[in-house]
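Colleague: The following file, data_4.cif, comprises mmCIF, C-alpha atoms:
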```cif
data_work
loop_
_atom_site.group_PDB
_atom_site.id
_atom_site.type_symbol
_atom_site.label_atom_id
_atom_site.label_comp_id
_atom_site.auth_asym_id
_atom_site.auth_seq_id
_atom_site.Cartn_x
_atom_site.Cartn_y
_atom_site.Cartn_z
ATOM 1 C CA MET A 1 95.190 -59.220 236.680
ATOM 2 C CA SER A 2 92.904 -57.861 239.399
ATOM 3 C CA PRO A 3 91.695 -54.305 238.735
ATOM 4 C CA ARG A 4 93.188 -51.473 240.768
ATOM 5 C CA PHE A 5 90.363 -49.012 241.233
ATOM 6 C CA SER A 6 91.009 -45.302 241.485
ATOM 7 C CA VAL A 7 87.812 -43.858 242.951
ATOM 8 C CA ILE A 8 87.031 -40.314 241.840
ATOM 9 C CA ILE A 9 84.765 -38.109 243.970
ATOM 10 C CA PRO A 10 84.229 -34.485 242.853
ATOM 11 C CA VAL A 11 82.990 -32.265 245.678
ATOM 12 C CA HIS A 12 81.260 -28.903 245.330
ATOM 13 C CA ASN A 13 79.298 -27.746 248.366
ATOM 14 C CA LYS A 14 78.241 -31.134 249.736
ATOM 15 C CA VAL A 15 78.889 -30.497 253.426
ATOM 16 C CA ARG A 16 75.985 -32.654 254.662
ATOM 17 C CA HIS A 17 76.882 -35.674 252.571
ATOM 18 C CA VAL A 18 80.558 -35.884 251.712
ATOM 19 C CA ALA A 19 81.925 -37.578 254.848
ATOM 20 C CA ALA A 20 79.533 -40.524 254.523
ATOM 21 C CA THR A 21 80.235 -40.765 250.793
ATOM 22 C CA VAL A 22 84.010 -40.962 251.226
ATOM 23 C CA GLU A 23 83.607 -43.458 254.073
ATOM 24 C CA SER A 24 81.515 -45.720 251.834
ATOM 25 C CA ALA A 25 84.363 -45.709 249.300
ATOM 26 C CA LEU A 26 86.960 -46.508 251.956
ATOM 27 C CA ALA A 27 84.861 -49.285 253.532
ATOM 28 C CA GLN A 28 84.775 -51.524 250.454
ATOM 29 C CA SER A 29 85.391 -55.250 250.960
ATOM 30 C CA TYR A 30 87.518 -55.063 247.798
ATOM 31 C CA ALA A 31 89.739 -52.149 248.745
ATOM 32 C CA ALA A 32 90.174 -49.231 246.388
ATOM 33 C CA HIS A 33 93.717 -48.569 245.223
ATOM 34 C CA GLU A 34 93.127 -44.881 245.997
ATOM 35 C CA VAL A 35 90.255 -42.489 246.640
ATOM 36 C CA ILE A 36 90.790 -39.212 244.804
ATOM 37 C CA VAL A 37 88.703 -36.417 246.288
ATOM 38 C CA ILE A 38 88.610 -33.224 244.227
ATOM 39 C CA ASP A 39 87.435 -30.151 246.118
ATOM 40 C CA ASP A 40 85.851 -28.177 243.289
ATOM 41 C CA ALA A 41 86.080 -24.747 244.950
ATOM 42 C CA SER A 42 83.612 -25.544 247.755
ATOM 43 C CA THR A 43 82.489 -22.645 249.949
ATOM 44 C CA ASP A 44 80.130 -24.353 252.413
ATOM 45 C CA GLY A 45 82.507 -26.110 254.798
ATOM 46 C CA SER A 46 83.114 -29.190 252.665
ATOM 47 C CA SER A 47 86.807 -28.293 252.443
ATOM 48 C CA ALA A 48 87.194 -28.451 256.231
ATOM 49 C CA ILE A 49 85.546 -31.870 256.353
ATOM 50 C CA LEU A 50 87.834 -33.180 253.615
ATOM 51 C CA ALA A 51 90.893 -31.845 255.457
ATOM 52 C CA ARG A 52 89.949 -33.866 258.539
ATOM 53 C CA LEU A 53 89.675 -37.190 256.698
ATOM 54 C CA ASP A 54 92.605 -39.345 257.735
ATOM 55 C CA ASN A 55 93.376 -42.321 255.507
ATOM 56 C CA PRO A 56 96.541 -43.058 253.509
ATOM 57 C CA ARG A 57 94.492 -44.036 250.467
ATOM 58 C CA ILE A 58 92.928 -40.583 250.165
ATOM 59 C CA VAL A 59 94.406 -38.292 247.510
ATOM 60 C CA ARG A 60 93.278 -34.664 247.871
ATOM 61 C CA LEU A 61 93.117 -32.306 244.913
ATOM 62 C CA ARG A 62 91.605 -28.838 244.677
ATOM 63 C CA ARG A 63 90.374 -26.571 241.917
ATOM 64 C CA GLU A 64 89.921 -22.851 242.495
ATOM 65 C CA VAL A 65 87.051 -22.321 240.047
ATOM 66 C CA PRO A 66 84.096 -24.745 240.090
ATOM 67 C CA GLY A 67 83.270 -26.458 236.814
ATOM 68 C CA PRO A 68 79.654 -27.135 235.781
ATOM 69 C CA GLY A 69 78.653 -30.761 236.255
ATOM 70 C CA GLY A 70 81.927 -31.616 237.957
ATOM 71 C CA TYR A 71 83.362 -32.546 234.543
ATOM 72 C CA ALA A 72 86.638 -30.662 234.871
ATOM 73 C CA ALA A 73 87.117 -32.026 238.402
ATOM 74 C CA ARG A 74 86.575 -35.593 237.221
ATOM 75 C CA ASN A 75 88.980 -35.052 234.316
ATOM 76 C CA LEU A 76 91.630 -33.846 236.763
ATOM 77 C CA GLY A 77 91.094 -36.963 238.851
ATOM 78 C CA ILE A 78 91.407 -39.244 235.811
ATOM 79 C CA GLU A 79 94.614 -37.531 234.728
ATOM 80 C CA GLN A 80 96.141 -37.878 238.214
ATOM 81 C CA ALA A 81 94.938 -41.435 238.865
ATOM 82 C CA SER A 82 97.448 -44.266 239.210
ATOM 83 C CA GLY A 83 94.933 -47.141 239.058
ATOM 84 C CA ASP A 84 94.113 -48.969 235.850
ATOM 85 C CA TRP A 85 90.345 -48.726 236.435
ATOM 86 C CA ILE A 86 88.355 -45.604 237.342
ATOM 87 C CA ALA A 87 85.217 -45.855 239.485
ATOM 88 C CA PHE A 88 83.054 -42.768 239.920
ATOM 89 C CA LEU A 89 81.100 -41.695 242.984
ATOM 90 C CA ASP A 90 79.327 -38.381 243.451
ATOM 91 C CA ALA A 91 79.684 -36.673 246.819
ATOM 92 C CA ASP A 92 76.059 -37.192 247.855
ATOM 93 C CA ASP A 93 75.679 -40.899 247.005
ATOM 94 C CA LEU A 94 76.699 -44.120 248.757
ATOM 95 C CA TRP A 95 78.180 -47.493 247.810
ATOM 96 C CA GLU A 96 77.216 -50.792 249.388
ATOM 97 C CA PRO A 97 80.314 -52.449 250.954
ATOM 98 C CA ASP A 98 80.639 -54.951 248.077
ATOM 99 C CA HIS A 99 80.223 -52.519 245.183
ATOM 100 C CA LEU A 100 83.846 -52.679 244.016
ATOM 101 C CA ALA A 101 83.948 -56.421 244.702
ATOM 102 C CA SER A 102 80.951 -56.913 242.404
ATOM 103 C CA LEU A 103 82.619 -54.913 239.656
ATOM 104 C CA ALA A 104 85.948 -56.718 240.140
ATOM 105 C CA GLU A 105 84.236 -60.102 239.845
ATOM 106 C CA ALA A 106 82.523 -59.118 236.593
ATOM 107 C CA ILE A 107 85.782 -57.738 235.194
ATOM 108 C CA ALA A 108 87.642 -60.932 236.136
ATOM 109 C CA ARG A 109 85.028 -63.052 234.345
ATOM 110 C CA HIS A 110 85.119 -60.818 231.282
ATOM 111 C CA PRO A 111 88.629 -59.375 230.868
ATOM 112 C CA GLU A 112 87.712 -58.144 227.394
ATOM 113 C CA ALA A 113 85.372 -55.556 228.926
ATOM 114 C CA GLY A 114 86.476 -51.963 229.360
ATOM 115 C CA CYS A 115 83.257 -50.637 230.887
ATOM 116 C CA ALA A 116 81.283 -52.082 233.809
ATOM 117 C CA ALA A 117 78.287 -50.956 235.835
ATOM 118 C CA THR A 118 75.938 -52.294 238.498
ATOM 119 C CA ARG A 119 72.287 -51.526 238.995
ATOM 120 C CA PHE A 120 71.439 -48.966 241.667
ATOM 121 C CA THR A 121 68.683 -47.747 243.947
ATOM 122 C CA HIS A 122 66.965 -44.376 243.588
ATOM 123 C CA VAL A 123 66.543 -42.991 247.104
ATOM 124 C CA PHE A 124 63.845 -40.336 247.480
ATOM 125 C CA ALA A 125 62.731 -38.657 250.681
ATOM 126 C CA ASP A 126 59.697 -40.941 250.951
ATOM 127 C CA ARG A 127 60.548 -44.074 248.955
ATOM 128 C CA GLN A 128 63.163 -46.155 247.163
ATOM 129 C CA GLN A 129 63.105 -47.595 243.651
ATOM 130 C CA THR A 130 65.516 -49.976 241.933
ATOM 131 C CA SER A 131 66.899 -48.844 238.588
ATOM 132 C CA LYS A 132 65.440 -50.242 235.395
ATOM 133 C CA SER A 133 66.391 -53.538 233.871
ATOM 134 C CA SER A 134 65.560 -55.218 230.571
ATOM 135 C CA PRO A 135 66.237 -58.506 228.777
ATOM 136 C CA LEU A 136 69.081 -57.016 226.741
ATOM 137 C CA LEU A 137 70.664 -55.396 229.790
ATOM 138 C CA ALA A 138 70.466 -58.674 231.719
ATOM 139 C CA ALA A 139 72.153 -60.448 228.799
ATOM 140 C CA ALA A 140 75.134 -58.071 229.067
ATOM 141 C CA ALA A 141 75.999 -59.732 232.383
ATOM 142 C CA GLU A 142 76.991 -62.883 230.473
ATOM 143 C CA THR A 143 78.003 -61.473 227.098
ATOM 144 C CA PRO A 144 79.637 -58.035 227.270
ATOM 145 C CA ALA A 145 77.986 -55.618 224.864
ATOM 146 C CA ASP A 146 79.754 -54.047 221.907
ATOM 147 C CA LEU A 147 78.617 -50.627 220.676
ATOM 148 C CA GLU A 148 75.678 -52.002 218.705
ATOM 149 C CA ALA A 149 74.419 -54.056 221.646
ATOM 150 C CA PHE A 150 75.003 -51.136 224.036
ATOM 151 C CA LEU A 151 72.861 -48.876 221.855
ATOM 152 C CA ARG A 152 70.102 -51.486 221.664
ATOM 153 C CA ILE A 153 70.107 -51.710 225.471
ATOM 154 C CA TRP A 154 69.960 -47.923 225.763
ATOM 155 C CA LEU A 155 67.011 -47.680 223.399
ATOM 156 C CA GLU A 156 65.196 -50.592 225.052
ATOM 157 C CA LEU A 157 65.616 -49.059 228.527
ATOM 158 C CA GLY A 158 64.827 -45.525 227.417
ATOM 159 C CA GLU A 159 67.890 -44.376 229.380
ATOM 160 C CA CYS A 160 71.651 -44.901 229.432
ATOM 161 C CA PRO A 161 72.692 -48.365 230.728
ATOM 162 C CA VAL A 162 75.391 -46.700 232.847
ATOM 163 C CA TRP A 163 74.720 -44.345 235.726
ATOM 164 C CA THR A 164 77.814 -42.491 236.883
ATOM 165 C CA GLY A 165 77.911 -43.604 240.512
ATOM 166 C CA ALA A 166 77.526 -47.256 239.496
ATOM 167 C CA GLY A 167 80.047 -47.254 236.647
ATOM 168 C CA ALA A 168 83.725 -48.090 236.267
ATOM 169 C CA PHE A 169 85.976 -47.847 233.215
ATOM 170 C CA ARG A 170 89.476 -48.764 232.238
ATOM 171 C CA ARG A 171 91.444 -45.557 232.592
ATOM 172 C CA GLN A 172 92.846 -45.909 229.077
ATOM 173 C CA VAL A 173 89.331 -46.248 227.640
ATOM 174 C CA LEU A 174 88.398 -42.881 229.143
ATOM 175 C CA LEU A 175 91.579 -41.273 227.856
ATOM 176 C CA ASP A 176 91.027 -42.693 224.377
ATOM 177 C CA ALA A 177 87.366 -41.594 224.431
ATOM 178 C CA GLY A 178 88.340 -37.999 225.190
ATOM 179 C CA LEU A 179 87.220 -37.527 228.850
ATOM 180 C CA PHE A 180 84.283 -35.417 230.016
ATOM 181 C CA PRO A 181 83.183 -32.406 227.924
ATOM 182 C CA ALA A 182 84.466 -29.803 230.397
ATOM 183 C CA GLY A 183 83.494 -26.298 229.306
ATOM 184 C CA LEU A 184 81.141 -27.637 226.625
ATOM 185 C CA ALA A 185 78.075 -28.655 228.666
ATOM 186 C CA THR A 186 76.458 -27.997 232.035
ATOM 187 C CA ARG A 187 74.649 -31.361 232.090
ATOM 188 C CA GLY A 188 74.422 -34.511 230.010
ATOM 189 C CA GLY A 189 78.199 -34.820 229.826
ATOM 190 C CA ASP A 190 78.201 -38.148 231.661
ATOM 191 C CA LYS A 191 76.048 -39.877 229.036
ATOM 192 C CA ASP A 192 78.107 -38.237 226.331
ATOM 193 C CA LEU A 193 81.310 -39.823 227.661
ATOM 194 C CA TRP A 194 79.690 -43.214 228.287
ATOM 195 C CA LEU A 195 78.592 -43.297 224.642
ATOM 196 C CA ARG A 196 82.114 -42.507 223.459
ATOM 197 C CA ALA A 197 83.556 -45.072 225.888
ATOM 198 C CA ALA A 198 81.169 -47.765 224.625
ATOM 199 C CA ALA A 199 82.587 -47.168 221.161
ATOM 200 C CA GLN A 200 86.045 -47.981 222.559
ATOM 201 C CA ALA A 201 85.381 -51.108 224.643
ATOM 202 C CA ARG A 202 82.758 -53.675 225.595
ATOM 203 C CA PHE A 203 80.320 -53.144 228.466
ATOM 204 C CA VAL A 204 79.594 -55.733 231.180
ATOM 205 C CA HIS A 205 76.567 -55.425 233.459
ATOM 206 C CA VAL A 206 76.215 -56.386 237.133
ATOM 207 C CA PRO A 207 72.498 -57.066 237.720
ATOM 208 C CA ARG A 208 72.490 -56.513 241.496
ATOM 209 C CA PRO A 209 72.008 -52.950 242.840
ATOM 210 C CA THR A 210 75.034 -51.875 244.898
ATOM 211 C CA VAL A 211 74.705 -48.077 244.960
ATOM 212 C CA GLU A 212 72.320 -45.547 246.503
ATOM 213 C CA PHE A 213 71.478 -42.612 244.229
ATOM 214 C CA HIS A 214 70.159 -39.902 246.550
ATOM 215 C CA ARG A 215 67.690 -37.878 244.516
ATOM 216 C CA ASP A 216 66.933 -35.227 247.148
ATOM 217 C CA ALA A 217 70.497 -34.334 248.125
ATOM 218 C CA ASP A 218 71.802 -30.761 248.401
ATOM 219 C CA ASN A 219 73.079 -28.759 245.427
ATOM 220 C CA LYS A 220 72.206 -31.249 242.685
ATOM 221 C CA VAL A 221 73.141 -30.260 239.140
ATOM 222 C CA SER A 222 69.838 -31.593 237.807
ATOM 223 C CA LYS A 223 67.974 -29.079 239.976
ATOM 224 C CA THR A 224 70.058 -26.039 239.054
ATOM 225 C CA THR A 225 70.500 -26.418 235.278
ATOM 226 C CA ARG A 226 68.133 -26.349 232.316
ATOM 227 C CA THR A 227 67.785 -28.599 229.275
ATOM 228 C CA THR A 228 66.662 -26.185 226.576
ATOM 229 C CA GLY A 229 69.651 -26.553 224.250
ATOM 230 C CA LEU A 230 70.913 -29.415 222.117
ATOM 231 C CA PRO A 231 72.226 -32.387 224.178
ATOM 232 C CA ILE A 232 76.026 -32.604 223.971
ATOM 233 C CA LEU A 233 75.576 -36.308 223.181
ATOM 234 C CA VAL A 234 74.078 -35.449 219.775
ATOM 235 C CA ARG A 235 77.386 -34.186 218.406
ATOM 236 C CA SER A 236 79.226 -37.265 219.663
ATOM 237 C CA ALA A 237 76.627 -39.576 218.135
ATOM 238 C CA GLN A 238 76.905 -37.761 214.818
ATOM 239 C CA ALA A 239 80.696 -38.099 214.903
ATOM 240 C CA LEU A 240 80.384 -41.844 215.564
ATOM 241 C CA MET A 241 78.107 -42.240 212.533
ATOM 242 C CA ALA A 242 81.032 -41.591 210.224
ATOM 243 C CA GLY A 243 82.432 -45.009 209.350
ATOM 244 C CA ALA A 244 79.837 -46.900 211.418
ATOM 245 C CA SER A 245 77.999 -49.926 210.080
ATOM 246 C CA PRO A 246 74.474 -49.319 208.732
ATOM 247 C CA ALA A 247 73.018 -51.008 211.839
ATOM 248 C CA VAL A 248 74.993 -48.840 214.270
ATOM 249 C CA ARG A 249 74.286 -45.719 212.233
ATOM 250 C CA GLY A 250 70.548 -46.430 212.398
ATOM 251 C CA LEU A 251 70.705 -46.975 216.160
ATOM 252 C CA LEU A 252 72.625 -43.738 216.645
ATOM 253 C CA ARG A 253 69.961 -41.878 214.669
ATOM 254 C CA ARG A 254 67.301 -43.331 216.964
ATOM 255 C CA LEU A 255 69.347 -42.419 220.037
ATOM 256 C CA VAL A 256 69.674 -38.807 218.873
ATOM 257 C CA ASN A 257 65.922 -38.610 218.347
ATOM 258 C CA GLN A 258 65.289 -40.137 221.774
ATOM 259 C CA GLN A 259 67.573 -37.674 223.555
ATOM 260 C CA ILE A 260 66.108 -34.688 221.724
ATOM 261 C CA GLY A 261 62.640 -35.879 222.705
ATOM 262 C CA LEU A 262 63.698 -36.049 226.369
ATOM 263 C CA TYR A 263 65.160 -32.542 226.262
ATOM 264 C CA ALA A 264 62.066 -31.222 224.503
ATOM 265 C CA ARG A 265 59.820 -32.590 227.249
ATOM 266 C CA PHE A 266 62.002 -30.930 229.876
ATOM 267 C CA ALA A 267 61.861 -27.694 227.868
ATOM 268 C CA PHE A 268 58.054 -27.802 227.989
ATOM 269 C CA ARG A 269 58.171 -26.485 231.551
ATOM 270 C CA SER A 270 61.301 -24.316 231.361
ATOM 271 C CA GLY A 271 60.122 -21.459 229.172
ATOM 272 C CA GLY A 272 62.376 -21.842 226.128
ATOM 273 C CA ILE A 273 63.488 -24.308 223.499
ATOM 274 C CA SER A 274 66.434 -24.188 221.115
ATOM 275 C CA PRO A 275 65.752 -24.382 217.351
ATOM 276 C CA ASP A 276 68.733 -26.767 217.228
ATOM 277 C CA LEU A 277 66.535 -29.498 218.680
ATOM 278 C CA ARG A 278 64.199 -29.675 215.691
ATOM 279 C CA ALA A 279 67.035 -29.123 213.211
ATOM 280 C CA ASN A 280 68.895 -32.236 214.409
ATOM 281 C CA ILE A 281 66.003 -34.717 214.428
ATOM 282 C CA TYR A 282 66.462 -37.570 211.996
ATOM 283 C CA LEU A 283 63.531 -38.191 209.663
ATOM 284 C CA PRO A 284 61.462 -40.132 208.789
ATOM 285 C CA GLU A 285 61.912 -42.242 211.944
ATOM 286 C CA GLY A 286 61.787 -39.156 214.163
ATOM 287 C CA LEU A 287 58.561 -37.690 212.776
ATOM 288 C CA ALA A 288 56.685 -38.005 216.076
ATOM 289 C CA THR A 289 59.549 -36.240 217.888
ATOM 290 C CA TRP A 290 59.642 -33.523 215.212
ATOM 291 C CA LEU A 291 55.910 -32.885 215.619
ATOM 292 C CA MET A 292 56.233 -32.756 219.411
ATOM 293 C CA VAL A 293 59.109 -30.264 219.251
ATOM 294 C CA ARG A 294 57.294 -28.135 216.706
ATOM 295 C CA GLY A 295 54.207 -28.125 218.914
ATOM 296 C CA ILE A 296 56.228 -26.985 221.910
ATOM 297 C CA GLU A 297 57.773 -24.215 219.822
ATOM 298 C CA VAL A 298 54.427 -22.704 218.875
ATOM 299 C CA VAL A 299 52.808 -22.864 222.330
ATOM 300 C CA PRO A 300 53.511 -19.592 224.235
ATOM 301 C CA ASN A 301 55.797 -19.929 227.254
ATOM 302 C CA GLY A 302 53.178 -18.801 229.749
ATOM 303 C CA LEU A 303 50.610 -21.283 228.468
ATOM 304 C CA ARG A 304 53.185 -24.075 228.568
ATOM 305 C CA ARG A 305 53.947 -23.330 232.196
ATOM 306 C CA ARG A 306 50.243 -23.353 233.084
ATOM 307 C CA ILE A 307 49.716 -26.661 231.286
ATOM 308 C CA TYR A 308 52.717 -28.166 233.047
ATOM 309 C CA GLY A 309 51.470 -26.889 236.405
ATOM 310 C CA ALA A 310 48.034 -28.405 235.803
ATOM 311 C CA ILE A 311 49.537 -31.779 234.843
ATOM 312 C CA LYS A 312 51.819 -31.769 237.889
ATOM 313 C CA HIS A 313 48.917 -30.868 240.182
ATOM 314 C CA ARG A 314 46.835 -33.695 238.696
ATOM 315 C CA ASP A 315 49.654 -36.238 239.088
ATOM 316 C CA THR A 316 50.357 -35.115 242.677
ATOM 317 C CA GLY A 317 46.694 -35.486 243.541
ATOM 318 C CA ALA A 318 46.544 -38.962 242.004
ATOM 319 C CA LEU A 319 49.632 -40.015 243.975
ATOM 320 C CA ALA A 320 48.104 -38.751 247.227
ATOM 321 C CA ALA A 321 44.883 -40.646 246.537
ATOM 322 C CA ASN A 322 46.766 -43.846 245.667
ATOM 323 C CA PRO A 323 49.913 -43.934 247.804
#
```
So, in terms of structure tokens, how does the structure I just supplied come out?

Modeller:
Amino acid sequence: MSPRFSVIIPVHNKVRHVAATVESALAQSYAAHEVIVIDDASTDGSSAILARLDNPRIVRLRREVPGPGGYAARNLGIEQASGDWIAFLDADDLWEPDHLASLAEAIARHPEAGCAATRFTHVFADRQQTSKSSPLLAAAAETPADLEAFLRIWLELGECPVWTGAGAFRRQVLLDAGLFPAGLATRGGDKDLWLRAAAQARFVHVPRPTVEFHRDADNKVSKTTRTTGLPILVRSAQALMAGASPAVRGLLRRLVNQQIGLYARFAFRSGGISPDLRANIYLPEGLATWLMVRGIEVVPNGLRRRIYGAIKHRDTGALAANP
């Protein structure tokens, strides 16, 4: 059976971007079953733009209190959706006209899959860059990945194989996985859910980029939140270890160490680091991460900021000299 996509777009203060985003969802060559737009208590004029959109496939919902990361808004959309597949699009990004068609084709070829995602294009103010690929990720286009394969892809890439705006999931998979961690995290909740979803169903990859990820858009969560605490994904990975095979358990340990290392590097510039990071590193394989975190802990905040500033200045200068 052909997938019926419910597209979910959470909107919080995206007045410059939201009209084009919704239009890109409505202009798909494979038409969405519905486009659910959740106004997450916008105050910048986004609400007026949404009210003017005139299309019978648009479903409008509103929340009166904004939720960090858009997680509660997305959960509301999932709960209200009538499609059997959920495709996500943030209100400052754009789909190519054949994005849903590409996903539908992959799903038709691999009906056993419950998760699907295309590649995407990072769009910066001065350049564009296609998202990473790898041999294992490319293989998931022909053989959908189970949890073990999904984790191997993640570790090989150094980042999650699914980016939110490029991903789609069977609605029941998301419900069974437990939805987004609303109220439990301000960032990182997307990866947390994708990990739990990958434990529920196989993942199929579409190797062609069909989405624009606008990195310099207004009011981005990544620019307004900090990563000094323990990633929410760590607790989910630890829960999945119970009853997992030795191979999967080992991969989950490596994933936890990888994510803690990423958060620790972000914390280097932010002025604080949670002791929970070091306490949750798995040894002996995470010794290098443990030493890095411990080093960050003992370097005074002011010195860390100066070191980070010097590194950034050096990198900016190198980029200017070698454009």

Colleague: What's the separation between atom CA of A:Phe5 and atom CA of A:Ala32, in Å to one decimal place?

Modeller: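 Taking atom CA of A:Phe5 as the start and atom CA of A:Ala32 as the end point, the length is 5.2 Å.
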
Colleague: Using atom CA of A:Cys115 and atom CA of A:Val234 as the two end points, give the distance in Å to one decimal.

Modeller: 20.9 Å

Colleague: Go through A:Ala91, A:Val173, A:Leu137, A:Val18 one by one, measure the shortest atom-to-atom distance of each to A:Glu156 using only C-alpha atoms, and give the residue with the smallest value.

Modeller: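 Smallest distance to A:Glu156 is found for A:Leu137.
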
Colleague: Go through A:Ser2, A:Ser24, A:Gln80, A:Ser133 one by one, measure the shortest atom-to-atom distance of each to A:Ile38 using only C-alpha atoms, and give the residue with the smallest value.

Modeller: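 Among the listed residues, the smallest separation from A:Ile38 belongs to A:Gln80.
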
Colleague: Tell me which of A:Val298, A:Leu155, A:Ile78, A:Leu233 sits closest to A:Asp176, counting all atoms listed in the file.

Modeller: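 Going through A:Val298, A:Leu155, A:Ile78, A:Leu233 one by one, the smallest distance to A:Asp176 is for A:Ile78.
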
Colleague: Between atom CA of A:Leu252 and atom CA of A:Leu195, what distance in Å does the model show, to one decimal?

Modeller: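 So the two atoms, atom CA of A:Leu252 and atom CA of A:Leu195, lie 10.0 Å apart.
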
Colleague: What's around stretch 26-31 of chain A at 12 Å? Count only C-alpha atoms, leave out sequence neighbours fewer than 3 positions away in its own chain, and write the answer as a VMD selection string.

Modeller: chain A and resid 2 to 9 19 to 23 34 to 37 53 to 59 89 94 to 105 210 to 211

Colleague: Would you list the contacts of A:Ala168 as a PDB file with C-alpha atoms, in the coordinates of the input, taking every protein, DNA or RNA residue within 7 Å and counting all atoms listed in the file, but skipping same-chain residues closer than 6 positions in sequence?

Modeller:
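Result file is part10.pdb:
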```pdb
ATOM      1  CA  TRP A  85      90.345 -48.726 236.435  1.00  0.00           C
ATOM      2  CA  ILE A  86      88.355 -45.604 237.342  1.00  0.00           C
ATOM      3  CA  ALA A  87      85.217 -45.855 239.485  1.00  0.00           C
ATOM      4  CA  PHE A  88      83.054 -42.768 239.920  1.00  0.00           C
ATOM      5  CA  CYS A 115      83.257 -50.637 230.887  1.00  0.00           C
ATOM      6  CA  ALA A 116      81.283 -52.082 233.809  1.00  0.00           C
ATOM      7  CA  ALA A 117      78.287 -50.956 235.835  1.00  0.00           C
TER       8      ALA A 117
END
```

Colleague: For this file, the PyMOL selection byres ((chain A and resi 191-194) around 10) selects which residues, as a ChimeraX atom specification?

Modeller: /A:115,159-164,167,169,174,177-181,185,187-190,195-200,203,231-237

Colleague: For A:Val206, which of A:Met292, A:Leu151, A:Ala139, A:Leu255 is the closest residue, counting only C-alpha atoms?

Modeller: A:Ala139

Colleague: Nearest residue to A:Glu148 out of A:Val293, A:Val123, A:Ala267, A:Leu251, using all atoms listed in the file?

Modeller: A:Leu251

Colleague: Written as a short mmCIF file (atom, residue, chain, number, x, y, z; two decimals) with C-alpha atoms, in the frame of the given file, what is the full residue list that the PyMOL selection byres ((chain A and resi 14) around 10) yields on the file shown?

Modeller:
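Just written: result29.cif:
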```cif
data_model
loop_
_atom_site.label_atom_id
_atom_site.label_comp_id
_atom_site.auth_asym_id
_atom_site.auth_seq_id
_atom_site.Cartn_x
_atom_site.Cartn_y
_atom_site.Cartn_z
CA PRO A 10 84.23 -34.48 242.85
CA VAL A 11 82.99 -32.26 245.68
CA HIS A 12 81.26 -28.90 245.33
CA ASN A 13 79.30 -27.75 248.37
CA VAL A 15 78.89 -30.50 253.43
CA ARG A 16 75.98 -32.65 254.66
CA HIS A 17 76.88 -35.67 252.57
CA VAL A 18 80.56 -35.88 251.71
CA ALA A 19 81.92 -37.58 254.85
CA THR A 21 80.24 -40.76 250.79
CA ASP A 39 87.44 -30.15 246.12
CA SER A 42 83.61 -25.54 247.76
CA THR A 43 82.49 -22.64 249.95
CA ASP A 44 80.13 -24.35 252.41
CA GLY A 45 82.51 -26.11 254.80
CA SER A 46 83.11 -29.19 252.66
CA SER A 47 86.81 -28.29 252.44
CA ILE A 49 85.55 -31.87 256.35
CA ASP A 90 79.33 -38.38 243.45
CA ALA A 91 79.68 -36.67 246.82
CA ASP A 92 76.06 -37.19 247.86
CA ALA A 217 70.50 -34.33 248.12
CA ASP A 218 71.80 -30.76 248.40
CA ASN A 219 73.08 -28.76 245.43
CA LYS A 220 72.21 -31.25 242.68
#
```

Colleague: Run the PyMOL selection byres ((chain A and resi 126-128) around 10) on the file and write out the hits as a PDB file with C-alpha atoms, keeping the file's coordinate frame.

Modeller:
```pdb
ATOM      1  CA  THR A 121      68.683 -47.747 243.947  1.00  0.00           C
ATOM      2  CA  HIS A 122      66.965 -44.376 243.588  1.00  0.00           C
ATOM      3  CA  VAL A 123      66.543 -42.991 247.104  1.00  0.00           C
ATOM      4  CA  PHE A 124      63.845 -40.336 247.480  1.00  0.00           C
ATOM      5  CA  ALA A 125      62.731 -38.657 250.681  1.00  0.00           C
ATOM      6  CA  GLN A 129      63.105 -47.595 243.651  1.00  0.00           C
ATOM      7  CA  THR A 130      65.516 -49.976 241.933  1.00  0.00           C
ATOM      8  CA  SER A 131      66.899 -48.844 238.588  1.00  0.00           C
ATOM      9  CA  GLU A 212      72.320 -45.547 246.503  1.00  0.00           C
ATOM     10  CA  PHE A 213      71.478 -42.612 244.229  1.00  0.00           C
ATOM     11  CA  HIS A 214      70.159 -39.902 246.550  1.00  0.00           C
ATOM     12  CA  ARG A 215      67.690 -37.878 244.516  1.00  0.00           C
ATOM     13  CA  ASP A 216      66.933 -35.227 247.148  1.00  0.00           C
TER      14      ASP A 216
END
```
